[in-house]
>>> print(open('upload_3.txt').read())   # compact mmCIF, C-alpha atoms
# COMPACT_ATOMS: atom_id res chain seq x y z
CA MET A 1494 15.39 15.94 -36.03
CA SER A 1495 16.51 13.04 -38.22
CA ASP A 1496 20.15 13.81 -37.36
CA VAL A 1497 19.33 13.64 -33.67
CA ALA A 1498 17.33 10.44 -34.09
CA ASP A 1499 20.29 8.77 -35.80
CA THR A 1500 22.78 9.82 -33.13
CA PRO A 1501 23.86 7.00 -30.81
CA LEU A 1502 23.86 7.53 -27.07
CA GLU A 1503 26.84 9.59 -25.97
CA LEU A 1504 27.67 7.25 -23.11
CA ASP A 1505 30.89 9.05 -22.20
CA ASP A 1506 28.86 12.17 -21.36
CA ILE A 1507 26.09 10.41 -19.38
CA GLN A 1508 26.51 9.71 -15.68
CA SER A 1509 26.92 6.03 -14.90
CA GLY A 1510 24.28 6.35 -12.20
CA THR A 1511 21.72 7.26 -14.86
CA LEU A 1512 21.77 4.01 -16.82
CA ARG A 1513 23.82 1.34 -15.10
CA PRO A 1514 22.02 -1.18 -12.85
CA ARG A 1515 23.47 -1.37 -9.38
CA PRO A 1516 25.76 -4.28 -8.54
CA SER A 1517 24.57 -6.98 -6.18
CA PRO A 1518 25.21 -6.80 -3.32
CA TYR A 1519 26.24 -3.18 -2.79
CA ALA A 1520 26.53 -0.36 -0.28
CA ALA A 1521 25.68 3.30 -0.84
CA THR A 1522 25.79 6.67 0.87
CA TYR A 1523 23.69 9.75 0.12
CA ILE A 1524 25.15 13.17 1.00
CA LEU A 1525 23.29 16.48 0.70
CA LEU A 1526 25.21 19.73 0.21
CA ARG A 1527 24.26 23.38 0.57
CA ILE A 1528 26.01 26.01 -1.58
CA ASP A 1529 26.55 29.24 0.36
CA ASP A 1530 28.96 30.82 -2.13
CA CYS A 1531 28.42 30.81 -5.88
CA GLY A 1532 32.13 30.63 -6.69
CA ALA A 1533 32.67 27.70 -4.36
CA GLY A 1534 29.71 25.93 -5.91
CA ARG A 1535 31.21 26.32 -9.36
CA LYS A 1536 34.53 24.92 -8.12
CA LEU A 1537 32.54 21.97 -6.77
CA MET A 1538 31.05 21.39 -10.23
CA ASP A 1539 34.54 21.47 -11.75
CA ARG A 1540 35.81 18.85 -9.32
CA LEU A 1541 32.74 16.68 -9.78
CA SER A 1542 33.16 16.74 -13.57
CA THR A 1543 36.27 14.58 -13.14
CA ALA A 1544 35.08 12.54 -10.12
CA VAL A 1545 31.74 11.41 -11.57
CA VAL A 1546 31.94 8.19 -13.60
CA SER A 1547 30.43 8.05 -17.10
CA ALA A 1548 28.23 5.29 -18.53
CA GLY A 1549 30.94 4.39 -21.05
CA ASN A 1550 32.20 0.79 -20.91
CA PRO A 1551 28.94 -0.44 -19.35
CA ARG A 1552 30.20 -4.00 -18.92
CA ASP A 1553 33.44 -3.09 -17.14
CA PRO A 1554 33.31 -4.56 -13.57
CA ALA A 1555 35.35 -1.59 -12.33
CA ALA A 1556 32.40 0.62 -13.21
CA ASP A 1557 30.39 -0.99 -10.39
CA THR A 1558 31.85 1.70 -8.11
CA TRP A 1559 30.71 5.21 -8.90
CA LEU A 1560 29.85 8.68 -7.70
CA SER A 1561 26.86 10.49 -9.15
CA VAL A 1562 25.51 13.99 -8.64
CA ALA A 1563 22.17 15.72 -8.98
CA LEU A 1564 21.19 19.36 -8.47
CA THR A 1565 17.92 20.67 -7.11
CA PHE A 1566 16.27 23.75 -8.59
CA HIS A 1567 17.50 25.72 -5.57
CA GLY A 1568 20.97 24.37 -6.25
CA LEU A 1569 20.94 25.62 -9.84
CA LYS A 1570 19.89 29.04 -8.58
CA ALA A 1571 22.68 28.99 -5.99
CA LEU A 1572 25.18 28.39 -8.82
CA GLY A 1573 23.94 31.50 -10.62
CA VAL A 1574 22.42 29.71 -13.61
CA PRO A 1575 20.84 32.37 -15.86
CA GLN A 1576 17.09 32.88 -15.45
CA ALA A 1577 16.35 31.88 -19.05
CA SER A 1578 17.95 28.49 -18.36
CA LEU A 1579 16.15 28.09 -15.04
CA ASP A 1580 12.84 28.78 -16.78
CA SER A 1581 13.48 25.96 -19.27
CA PHE A 1582 13.36 23.15 -16.68
CA SER A 1583 10.21 21.10 -16.15
CA TRP A 1584 7.61 22.81 -13.97
CA GLU A 1585 7.45 19.86 -11.54
CA PHE A 1586 11.20 20.14 -10.98
CA LYS A 1587 10.96 23.90 -10.46
CA GLN A 1588 8.24 23.43 -7.84
CA GLY A 1589 10.11 20.69 -5.97
CA MET A 1590 8.84 17.50 -4.39
CA ALA A 1591 7.56 19.10 -1.20
CA ALA A 1592 5.27 21.40 -3.19
CA ARG A 1593 3.93 18.38 -5.08
CA ALA A 1594 3.13 16.43 -1.90
CA LYS A 1595 -0.65 16.26 -2.27
CA ALA A 1596 -0.44 14.89 -5.82
CA LEU A 1597 2.11 12.29 -4.67
CA GLY A 1598 0.04 11.07 -1.73
CA ASP A 1599 2.44 12.61 0.80
CA THR A 1600 -0.27 13.60 3.25
CA GLY A 1601 -0.86 13.08 6.97
CA GLU A 1602 2.18 11.44 8.52
CA SER A 1603 3.96 11.66 5.17
CA SER A 1604 3.37 15.37 4.64
CA PRO A 1605 6.39 17.67 4.24
CA GLU A 1606 5.93 19.32 7.65
CA ASN A 1607 6.80 15.92 9.13
CA TRP A 1608 9.79 15.26 6.89
CA GLU A 1609 13.28 14.76 8.22
CA LYS A 1610 15.12 18.06 7.89
CA PRO A 1611 16.64 19.37 5.69
CA LEU A 1612 14.75 17.21 3.16
CA GLY A 1613 12.22 19.26 1.24
CA THR A 1614 13.73 22.63 2.23
CA PRO A 1615 15.49 25.28 0.09
CA ASP A 1616 18.78 24.36 1.82
CA VAL A 1617 19.21 21.19 -0.27
CA HIS A 1618 21.25 22.11 -3.35
CA VAL A 1619 23.34 19.07 -4.33
CA VAL A 1620 22.71 15.35 -3.92
CA LEU A 1621 25.79 13.13 -4.05
CA VAL A 1622 25.44 9.35 -4.22
CA ALA A 1623 28.45 7.07 -3.74
CA LEU A 1624 27.92 3.40 -4.54
CA ALA A 1625 30.10 0.27 -4.58
CA PRO A 1626 29.81 -3.53 -4.31
CA ASP A 1627 31.14 -3.50 -0.71
CA THR A 1628 31.99 -1.14 2.13
CA ARG A 1629 35.73 -1.15 1.37
CA ARG A 1630 35.22 0.15 -2.14
CA LEU A 1631 32.46 2.45 -0.93
CA GLU A 1632 34.94 4.15 1.37
CA ALA A 1633 37.18 4.80 -1.63
CA ALA A 1634 34.24 6.34 -3.50
CA LEU A 1635 33.35 8.44 -0.46
CA ALA A 1636 36.93 9.65 -0.22
CA ARG A 1637 36.64 10.92 -3.81
CA ALA A 1638 33.36 12.58 -2.91
CA ARG A 1639 34.82 14.32 0.14
CA GLU A 1640 37.74 15.61 -1.91
CA THR A 1641 35.26 17.55 -4.04
CA PHE A 1642 33.70 19.56 -1.20
CA GLU A 1643 35.47 19.26 2.17
CA ALA A 1644 38.10 21.95 1.57
CA LEU A 1645 35.67 24.37 -0.08
CA ASP A 1646 34.58 27.33 2.03
CA GLY A 1647 31.05 28.05 0.94
CA VAL A 1648 29.92 24.44 0.42
CA GLU A 1649 28.49 22.63 3.44
CA ALA A 1650 27.52 18.98 3.91
CA ILE A 1651 24.17 19.09 5.72
CA TRP A 1652 22.84 15.50 5.70
CA ARG A 1653 24.04 11.93 5.21
CA GLN A 1654 22.28 8.59 4.87
CA ASP A 1655 24.26 5.36 4.83
CA CYS A 1656 22.56 2.51 3.01
CA HIS A 1657 23.25 -1.14 2.36
CA ALA A 1658 22.04 -4.05 0.30
CA LEU A 1659 22.19 -7.36 2.13
CA PRO A 1660 23.78 -10.41 0.45
CA THR A 1661 20.24 -11.83 0.39
CA GLU A 1662 19.26 -8.83 -1.81
CA ARG A 1663 16.15 -8.33 0.34
CA GLU A 1664 14.55 -5.11 1.51
CA PRO A 1665 13.20 -4.54 5.06
CA PHE A 1666 9.85 -6.28 4.45
CA GLY A 1667 11.86 -9.36 3.45
CA PHE A 1668 11.38 -9.39 -0.34
CA ARG A 1669 14.20 -9.77 -2.85
CA ASP A 1670 14.69 -6.35 -4.41
CA GLY A 1671 16.29 -4.79 -7.48
CA ILE A 1672 14.89 -7.38 -9.89
CA SER A 1673 13.35 -5.30 -12.68
CA HIS A 1674 15.41 -3.08 -14.98
CA PRO A 1675 14.26 -1.89 -18.42
CA ALA A 1676 16.27 -2.38 -21.58
CA ILE A 1677 17.23 1.00 -23.06
CA GLU A 1678 18.14 1.44 -26.71
CA GLY A 1679 21.80 2.25 -27.22
CA SER A 1680 22.85 1.74 -23.59
CA GLY A 1681 24.63 -1.57 -24.10
CA ILE A 1682 22.92 -2.84 -20.94
CA PRO A 1683 20.33 -5.61 -21.34
CA GLY A 1684 17.00 -5.47 -19.54
CA THR A 1685 15.82 -8.15 -17.15
CA ASN A 1686 12.71 -9.11 -19.14
CA SER A 1687 13.47 -10.69 -22.50
CA ARG A 1688 9.80 -10.26 -23.51
CA GLU A 1689 9.92 -6.48 -23.18
CA SER A 1690 11.30 -4.66 -26.21
CA PRO A 1691 13.90 -1.98 -25.43
CA LEU A 1692 12.55 1.46 -24.66
CA LYS A 1693 13.62 4.56 -26.52
CA ALA A 1694 16.57 6.30 -24.91
CA GLY A 1695 14.64 9.58 -24.69
CA GLU A 1696 12.47 8.09 -21.95
CA PHE A 1697 15.50 8.23 -19.67
CA VAL A 1698 18.07 10.60 -21.20
CA LEU A 1699 17.36 14.08 -22.56
CA GLY A 1700 18.34 14.89 -26.12
CA TYR A 1701 17.06 11.70 -27.76
CA PRO A 1702 13.68 10.60 -29.20
CA ASP A 1703 11.27 9.05 -26.70
CA GLU A 1704 8.37 6.61 -27.09
CA MET A 1705 6.19 9.43 -28.46
CA GLY A 1706 8.59 9.80 -31.40
CA GLY A 1707 9.73 13.30 -30.51
CA LEU A 1708 12.33 14.94 -28.33
CA PRO A 1709 11.39 15.53 -24.67
CA PRO A 1710 11.53 19.16 -23.56
CA MET A 1711 15.12 19.84 -22.57
CA PRO A 1712 16.73 22.50 -20.35
CA GLN A 1713 18.59 25.17 -22.30
CA PRO A 1714 21.21 25.79 -23.53
CA GLU A 1715 21.63 22.37 -25.14
CA ILE A 1716 24.97 21.73 -23.43
CA LEU A 1717 23.18 21.98 -20.07
CA GLY A 1718 20.25 19.71 -20.87
CA ARG A 1719 21.62 17.13 -23.29
CA ASN A 1720 22.56 13.77 -21.72
CA GLY A 1721 20.98 14.81 -18.43
CA THR A 1722 17.91 13.37 -16.74
CA TYR A 1723 15.56 13.95 -13.84
CA VAL A 1724 15.59 11.93 -10.63
CA ALA A 1725 13.16 11.69 -7.74
CA PHE A 1726 14.84 10.79 -4.44
CA ARG A 1727 12.66 9.43 -1.63
CA LYS A 1728 13.41 8.37 1.94
CA LEU A 1729 10.71 5.83 2.81
CA HIS A 1730 10.33 4.49 6.35
CA GLN A 1731 8.94 0.94 6.45
CA ARG A 1732 6.76 -0.30 9.29
CA VAL A 1733 8.02 -3.84 9.27
CA ALA A 1734 6.42 -4.92 12.55
CA ALA A 1735 3.03 -3.56 11.47
CA PHE A 1736 3.33 -5.41 8.15
CA ARG A 1737 4.09 -8.67 9.96
CA ARG A 1738 1.20 -8.19 12.37
CA TYR A 1739 -1.23 -7.56 9.52
CA LEU A 1740 -0.13 -10.71 7.72
CA ARG A 1741 -0.49 -12.78 10.89
CA ALA A 1742 -3.90 -11.34 11.77
CA ASN A 1743 -5.26 -12.14 8.31
CA SER A 1744 -3.77 -15.61 7.84
CA SER A 1745 -4.68 -19.05 9.13
CA SER A 1746 -1.17 -20.52 9.16
CA PRO A 1747 2.49 -19.59 8.51
CA GLU A 1748 2.10 -20.96 4.98
CA ASP A 1749 -1.00 -18.84 4.38
CA GLU A 1750 0.90 -15.85 5.78
CA GLU A 1751 3.62 -16.24 3.16
CA LEU A 1752 1.05 -16.66 0.40
CA LEU A 1753 -0.76 -13.51 1.52
CA ALA A 1754 2.53 -11.56 1.56
CA ALA A 1755 3.24 -12.79 -1.97
CA ARG A 1756 -0.20 -11.73 -3.19
CA LEU A 1757 0.15 -8.24 -1.75
CA MET A 1758 3.55 -7.85 -3.42
CA GLY A 1759 3.11 -9.96 -6.56
CA ARG A 1760 6.22 -12.00 -5.72
CA TRP A 1761 7.27 -14.44 -3.07
CA ARG A 1762 9.89 -13.11 -0.68
CA SER A 1763 12.50 -15.12 -2.61
CA GLY A 1764 11.81 -12.96 -5.67
CA ALA A 1765 9.95 -15.70 -7.51
CA PRO A 1766 6.98 -14.07 -9.29
CA LEU A 1767 3.44 -15.30 -8.81
CA ALA A 1768 3.15 -15.09 -12.59
CA LEU A 1769 5.42 -18.14 -12.86
CA CYS A 1770 4.64 -19.97 -9.58
CA PRO A 1771 1.29 -18.78 -8.17
CA PHE A 1772 0.74 -21.42 -5.47
CA HIS A 1773 4.16 -22.20 -4.01
CA ASP A 1774 7.51 -20.49 -3.61
CA ALA A 1775 10.43 -21.40 -5.88
CA PRO A 1776 13.61 -19.94 -4.34
CA GLU A 1777 15.82 -21.17 -7.17
CA LEU A 1778 13.62 -19.26 -9.63
CA GLY A 1779 13.67 -16.17 -7.43
CA ALA A 1780 17.47 -16.21 -7.38
CA ASP A 1781 17.83 -16.63 -11.16
CA PRO A 1782 18.13 -13.20 -12.86
CA ARG A 1783 17.52 -14.81 -16.26
CA ARG A 1784 14.06 -16.03 -15.24
CA ASN A 1785 12.71 -14.13 -12.22
CA ASN A 1786 11.48 -11.18 -14.28
CA ASP A 1787 10.75 -12.95 -17.56
CA PHE A 1788 6.96 -12.75 -17.77
CA LEU A 1789 3.99 -10.75 -19.06
CA TYR A 1790 0.33 -10.63 -18.05
CA ARG A 1791 -2.01 -10.20 -21.02
CA GLN A 1792 -2.01 -13.75 -22.42
CA GLU A 1793 -1.09 -15.73 -19.32
CA ASP A 1794 -3.10 -13.94 -16.60
CA PRO A 1795 -5.43 -11.21 -17.88
CA THR A 1796 -7.84 -11.35 -14.91
CA GLY A 1797 -5.21 -11.65 -12.19
CA TYR A 1798 -5.91 -15.12 -10.83
CA MET A 1799 -2.16 -15.65 -10.52
CA THR A 1800 -0.91 -12.09 -9.94
CA PRO A 1801 -3.68 -9.96 -8.37
CA PRO A 1802 -4.31 -6.80 -10.45
CA GLY A 1803 -3.97 -4.52 -7.42
CA CYS A 1804 -0.71 -5.97 -6.05
CA HIS A 1805 2.38 -3.80 -5.80
CA ILE A 1806 4.43 -5.02 -8.77
CA ARG A 1807 1.45 -5.07 -11.15
CA ARG A 1808 0.56 -1.50 -10.22
CA ALA A 1809 4.12 -0.19 -10.43
CA ASN A 1810 4.64 -1.84 -13.83
CA PRO A 1811 1.52 -3.31 -15.50
CA ARG A 1812 3.72 -4.60 -18.37
CA ASP A 1813 1.40 -5.63 -21.21
CA ALA A 1814 -1.78 -5.85 -19.11
CA SER A 1815 -4.87 -4.12 -20.44
CA VAL A 1816 -5.05 -0.87 -18.47
CA ALA A 1817 -6.08 2.69 -19.16
CA GLY A 1818 -3.15 4.43 -20.84
CA VAL A 1819 0.04 3.35 -22.59
CA VAL A 1820 2.29 1.54 -20.11
CA ARG A 1821 5.53 2.26 -21.95
CA LEU A 1822 5.03 6.00 -21.47
CA HIS A 1823 5.27 5.58 -17.70
CA ARG A 1824 8.29 3.30 -17.33
CA MET A 1825 11.06 4.45 -15.03
CA ILE A 1826 14.35 3.18 -13.73
CA ARG A 1827 13.78 2.32 -10.07
CA ARG A 1828 16.55 1.83 -7.54
CA GLY A 1829 16.02 1.11 -3.87
CA THR A 1830 18.67 0.85 -1.16
CA ALA A 1831 17.90 -0.31 2.38
CA TYR A 1832 18.88 1.72 5.42
CA GLY A 1833 18.69 1.01 9.13
CA PRO A 1834 18.97 -2.26 11.08
CA ALA A 1835 16.93 -5.28 10.10
CA LEU A 1836 14.08 -6.20 12.44
CA PRO A 1837 14.89 -9.72 13.71
CA GLU A 1838 12.87 -12.53 12.20
CA GLY A 1839 9.65 -13.27 14.03
CA VAL A 1840 9.50 -9.95 15.91
CA ILE A 1841 6.08 -8.33 15.55
CA GLU A 1842 6.50 -5.38 17.92
CA ASP A 1843 8.13 -2.18 16.71
CA ASP A 1844 11.56 -1.56 18.24
CA GLY A 1845 11.56 2.16 17.42
CA ALA A 1846 14.44 1.93 14.92
CA ASP A 1847 14.29 3.87 11.66
CA ARG A 1848 14.52 1.45 8.74
CA GLY A 1849 13.37 1.52 5.16
CA LEU A 1850 14.52 2.36 1.66
CA MET A 1851 16.23 5.25 -0.06
CA PHE A 1852 14.60 5.22 -3.48
CA ALA A 1853 15.69 6.84 -6.72
CA PHE A 1854 13.33 7.05 -9.73
CA ILE A 1855 15.06 8.08 -12.95
CA GLY A 1856 13.37 9.33 -16.10
CA ALA A 1857 13.20 12.19 -18.59
CA HIS A 1858 9.58 13.07 -17.71
CA LEU A 1859 8.86 13.74 -14.03
CA GLY A 1860 5.20 14.36 -14.78
CA ARG A 1861 4.21 11.38 -16.89
CA GLN A 1862 6.61 8.96 -15.26
CA PHE A 1863 7.16 9.37 -11.51
CA GLU A 1864 4.22 11.63 -10.67
CA PHE A 1865 1.77 9.74 -12.89
CA VAL A 1866 2.70 6.38 -11.39
CA GLN A 1867 2.45 7.73 -7.84
CA SER A 1868 -0.91 9.43 -8.29
CA GLU A 1869 -2.67 7.18 -10.82
CA TRP A 1870 -1.24 3.70 -10.28
CA ILE A 1871 -0.02 3.62 -6.67
CA ASN A 1872 -2.68 5.78 -4.99
CA SER A 1873 -5.66 5.10 -7.25
CA GLY A 1874 -7.16 2.02 -8.84
CA ASP A 1875 -9.16 3.57 -11.66
CA PHE A 1876 -6.71 2.45 -14.35
CA LEU A 1877 -7.35 -1.15 -13.28
CA GLY A 1878 -11.08 -0.73 -12.76
CA LEU A 1879 -10.49 -0.97 -8.99
CA GLY A 1880 -11.92 2.41 -8.01
CA THR A 1881 -10.23 4.23 -5.14
CA THR A 1882 -8.16 1.31 -3.85
CA ARG A 1883 -4.45 1.96 -3.30
CA ASP A 1884 -1.25 -0.03 -3.53
CA PRO A 1885 -1.38 -2.41 -0.52
CA ILE A 1886 2.35 -2.10 0.20
CA VAL A 1887 3.38 1.51 -0.52
CA GLY A 1888 0.05 3.27 -1.02
CA ALA A 1889 -1.11 6.17 1.15
CA SER A 1890 -3.54 4.01 3.13
CA ASP A 1891 -5.38 5.39 6.14
CA GLY A 1892 -6.40 2.23 7.97
CA ALA A 1893 -9.54 1.79 5.91
CA GLY A 1894 -7.87 0.45 2.77
CA SER A 1895 -8.96 -2.75 1.05
CA PHE A 1896 -7.39 -5.31 -1.27
CA SER A 1897 -9.08 -7.87 -3.49
CA ILE A 1898 -7.61 -11.24 -4.47
CA PRO A 1899 -9.39 -12.80 -7.48
CA ARG A 1900 -10.44 -16.39 -6.88
CA ARG A 1901 -13.32 -18.70 -7.73
CA PRO A 1902 -16.14 -18.65 -6.84
CA ILE A 1903 -15.79 -15.57 -4.57
CA PRO A 1904 -12.85 -13.14 -4.46
CA ARG A 1905 -11.03 -12.77 -1.15
CA ARG A 1906 -11.25 -9.23 0.14
CA LEU A 1907 -8.95 -7.79 2.81
CA GLN A 1908 -10.02 -4.78 4.85
CA GLY A 1909 -8.39 -2.29 7.19
CA LEU A 1910 -5.08 -1.88 5.39
CA PRO A 1911 -2.89 0.54 7.35
CA ARG A 1912 -0.06 2.65 5.97
CA PHE A 1913 3.02 0.43 5.91
CA VAL A 1914 5.35 3.01 4.30
CA VAL A 1915 5.77 6.62 5.47
CA THR A 1916 7.60 9.25 3.46
CA ARG A 1917 10.39 10.79 5.52
CA GLY A 1918 11.42 13.23 2.80
CA GLY A 1919 12.42 13.65 -0.79
CA GLU A 1920 13.84 15.87 -3.49
CA TYR A 1921 13.61 16.33 -7.24
CA GLY A 1922 17.03 16.50 -8.84
CA PHE A 1923 18.54 17.06 -12.25
CA MET A 1924 21.48 14.79 -13.12
CA PRO A 1925 23.59 16.75 -15.65
CA GLY A 1926 25.85 15.22 -18.24
CA LEU A 1927 29.59 15.57 -17.66
CA ARG A 1928 29.89 18.41 -20.20
CA ALA A 1929 27.06 20.18 -18.40
CA LEU A 1930 28.99 19.94 -15.12
CA ARG A 1931 31.89 21.70 -16.81
CA TRP A 1932 29.52 24.31 -18.25
CA LEU A 1933 28.19 24.97 -14.75
CA ALA A 1934 31.77 25.25 -13.48
CA ASP A 1935 32.58 27.86 -16.14
CA LEU A 1936 29.60 30.14 -15.49
CA ARG A 1937 30.66 33.76 -15.20
CA THR A 1938 27.35 35.54 -14.62
>>> encode(input="upload_3.txt", output="structure tokens")
Amino acid sequence: MSDVADTPLELDDIQSGTLRPRPSPYAATYILLRIDDCGAGRKLMDRLSTAVVSAGNPRDPAADTWLSVALTFHGLKALGVPQASLDSFSWEFKQGMAARAKALGDTGESSPENWEKPLGTPDVHVVLVALAPDTRRLEAALARARETFEALDGVEAIWRQDCHALPTEREPFGFRDGISHPAIEGSGIPGTNSRESPLKAGEFVLGYPDEMGGLPPMPQPEILGRNGTYVAFRKLHQRVAAFRRYLRANSSSPEDEELLAARLMGRWRSGAPLALCPFHDAPELGADPRRNNDFLYRQEDPTGYMTPPGCHIRRANPRDASVAGVVRLHRMIRRGTAYGPALPEGVIEDDGADRGLMFAFIGAHLGRQFEFVQSEWINSGDFLGLGTTRDPIVGASDGAGSFSIPRRPIPRRLQGLPRFVVTRGGEYGFMPGLRALRWLADLRT
């Protein structure tokens, strides 16, 4: 184990999409593939092994354009991966996201029977993601992607989602997005919070020690698992008009409306955190990547008078706040990309358009990272001493949700929170290292 612990990250074998923060602004496209012929699938893996960009040279601007690939459990079976190897993957991954719906809060409107097909079905085998700083370079990345599968009989593209990040860097609800990124030991990529010490690489990449001091369970053989990671993909529809109506109905003025939005999120729409400017927006702070994520909670705001304990960003990442559990064991890399047309400013009636975020959550532990955060932090409040309350932005609310804003002498309590975000579908994927892609290509069983 000591030899492994002393080994630096093998960046040239790790997919760029695993570690590298996305450029800003950027455009992206998700493509789902079905493998109907084992041999064709292996040829696809061979082509992808040279088309996928590694995490080497993390500061090279040219690396802002990349193609990444993940395989579902059904995809690994379609490639003919030996049963002993299939058995070595995490049990959450083997079950798939649709089977984990109840634990994730994907119930009612968000339940798998209502998902956009083919999401959540055994037909989804490969997830390709092409990403670039602009549409021109994205087209070049997509051309490389198409070269890997279009001429292959036995591999079929079955779904596509085009995404975009606006120059304002805002998501459909109007908040600046993509602000928080953890520092990872050995990656060469700095985090966005100078007060957070780098996390062990094994939290995000298999084959390296994690925050527990050991090696995370890794798919076998080692060449298949090492330098890979797990990813949870989610298509999340956002009810922008409903969000705006709720803010208006529970506010006394446009200024109060913006303050309420900030308290539900934990940031002003500009990206400025309440932790640093609790009573007024500071757009210049929100736009400054050196400062807009540079804060903690324990010393400055333990009770949540500045950043309410139940707000979205404090639930998704409690930082150093006193909560049940060890926060660092549940950190993930989060990446969201908007899709669909923006709802024009001021419109409070739904226009029927599908808009929202394609989300990717990356980590070496599906159970104690993505699933734990979804079930224990987003859809429960016990860890904060808030009982059964849910995340006011992305939680699985049912119209009877509540949200408390600490203030003296009496807290402000909001009632009747509806569901603002509906799951349209999702998949668990495994992102292999580049050597693993070649191993998959060379399978002869």
>>> residues_around(input="upload_3.txt", residues="Asn1872 (chain A)", least_positions_apart="4", cutoff="9 Å", atoms="only C-alpha atoms", output="PDB file with C-alpha atoms, in the frame of the given file")
ATOM      1  CA  LEU A1597       2.110  12.290  -4.670  1.00  0.00           C
ATOM      2  CA  GLY A1598       0.040  11.070  -1.730  1.00  0.00           C
ATOM      3  CA  VAL A1866       2.700   6.380 -11.390  1.00  0.00           C
ATOM      4  CA  GLN A1867       2.450   7.730  -7.840  1.00  0.00           C
ATOM      5  CA  SER A1868      -0.910   9.430  -8.290  1.00  0.00           C
ATOM      6  CA  THR A1881     -10.230   4.230  -5.140  1.00  0.00           C
ATOM      7  CA  THR A1882      -8.160   1.310  -3.850  1.00  0.00           C
ATOM      8  CA  ARG A1883      -4.450   1.960  -3.300  1.00  0.00           C
ATOM      9  CA  ASP A1884      -1.250  -0.030  -3.530  1.00  0.00           C
ATOM     10  CA  VAL A1887       3.380   1.510  -0.520  1.00  0.00           C
ATOM     11  CA  GLY A1888       0.050   3.270  -1.020  1.00  0.00           C
ATOM     12  CA  ALA A1889      -1.110   6.170   1.150  1.00  0.00           C
ATOM     13  CA  SER A1890      -3.540   4.010   3.130  1.00  0.00           C
TER      14      SER A1890
END
>>> closest_residue(input="upload_3.txt", among="A:Asp1557, A:His1730, A:Ile1886, A:Gln1508", to="Arg1630 (chain A)", atoms="all atoms listed in the file")
A:Asp1557
>>> closest_residue(input="upload_3.txt", among="A:Ala1533, A:Leu1936, A:Ala1831, A:Ile1677", to="Tyr1519 (chain A)", atoms="only C-alpha atoms")
A:Ala1831
>>> closest_residue(input="upload_3.txt", among="A:Pro1660, A:Gly1849, A:Gly1707, A:Pro1615", to="Arg1917 (chain A)", atoms="all atoms listed in the file")
A:Gly1849
>>> residues_near_point(input="upload_3.txt", point="(30.9, 27.0, -9.4)", cutoff="10 Å", atoms="all atoms listed in the file", output="PyMOL selection string")
chain A and resi 1528+1530-1540+1571-1574+1930-1937
>>> atom_distance(input="upload_3.txt", atom1="CA of Ser1873 (chain A)", atom2="CA of Pro1885 (chain A)")
11.0 Å
>>> atom_distance(input="upload_3.txt", atom1="CA of Asp1599 (chain A)", atom2="CA of Gly1918 (chain A)")
9.2 Å
>>> atom_distance(input="upload_3.txt", atom1="CA of Ser1687 (chain A)", atom2="CA of Ala1548 (chain A)")
22.1 Å
>>> closest_residue(input="upload_3.txt", among="A:Ala1577, A:Val1617, A:Val1698, A:Ala1754", to="Cys1804 (chain A)", atoms="only C-alpha atoms")
A:Ala1754
>>> residues_around(input="upload_3.txt", residues="region 1631-1642 of chain A", least_positions_apart="2", cutoff="10 Å", atoms="only C-alpha atoms", output="VMD selection string")
chain A and resid 1519 to 1524 1526 1533 to 1534 1536 to 1545 1558 to 1562 1621 to 1629 1644 to 1650
>>> closest_residue(input="upload_3.txt", among="A:Arg1513, A:Arg1732, A:Arg1791, A:Arg1756", to="Ser1897 (chain A)", atoms="all atoms listed in the file")
A:Arg1756
>>> closest_residue(input="upload_3.txt", among="A:Ile1841, A:Ala1755, A:Leu1512, A:Leu1612", to="Met1590 (chain A)", atoms="all atoms listed in the file")
A:Leu1612
>>> residues_around(input="upload_3.txt", residues="Pro1766 (chain A)", least_positions_apart="2", cutoff="9 Å", atoms="only C-alpha atoms", output="ChimeraX atom specification")
/A:1755,1759-1761,1763-1764,1768-1771,1774-1775,1778-1779,1785-1786,1788,1800
>>> residues_around(input="upload_3.txt", residues="Pro1801 (chain A)", least_positions_apart="5", cutoff="10 Å", atoms="all atoms listed in the file", output="ChimeraX atom specification")
/A:1755-1759,1767-1768,1794-1796,1806-1808,1896-1900
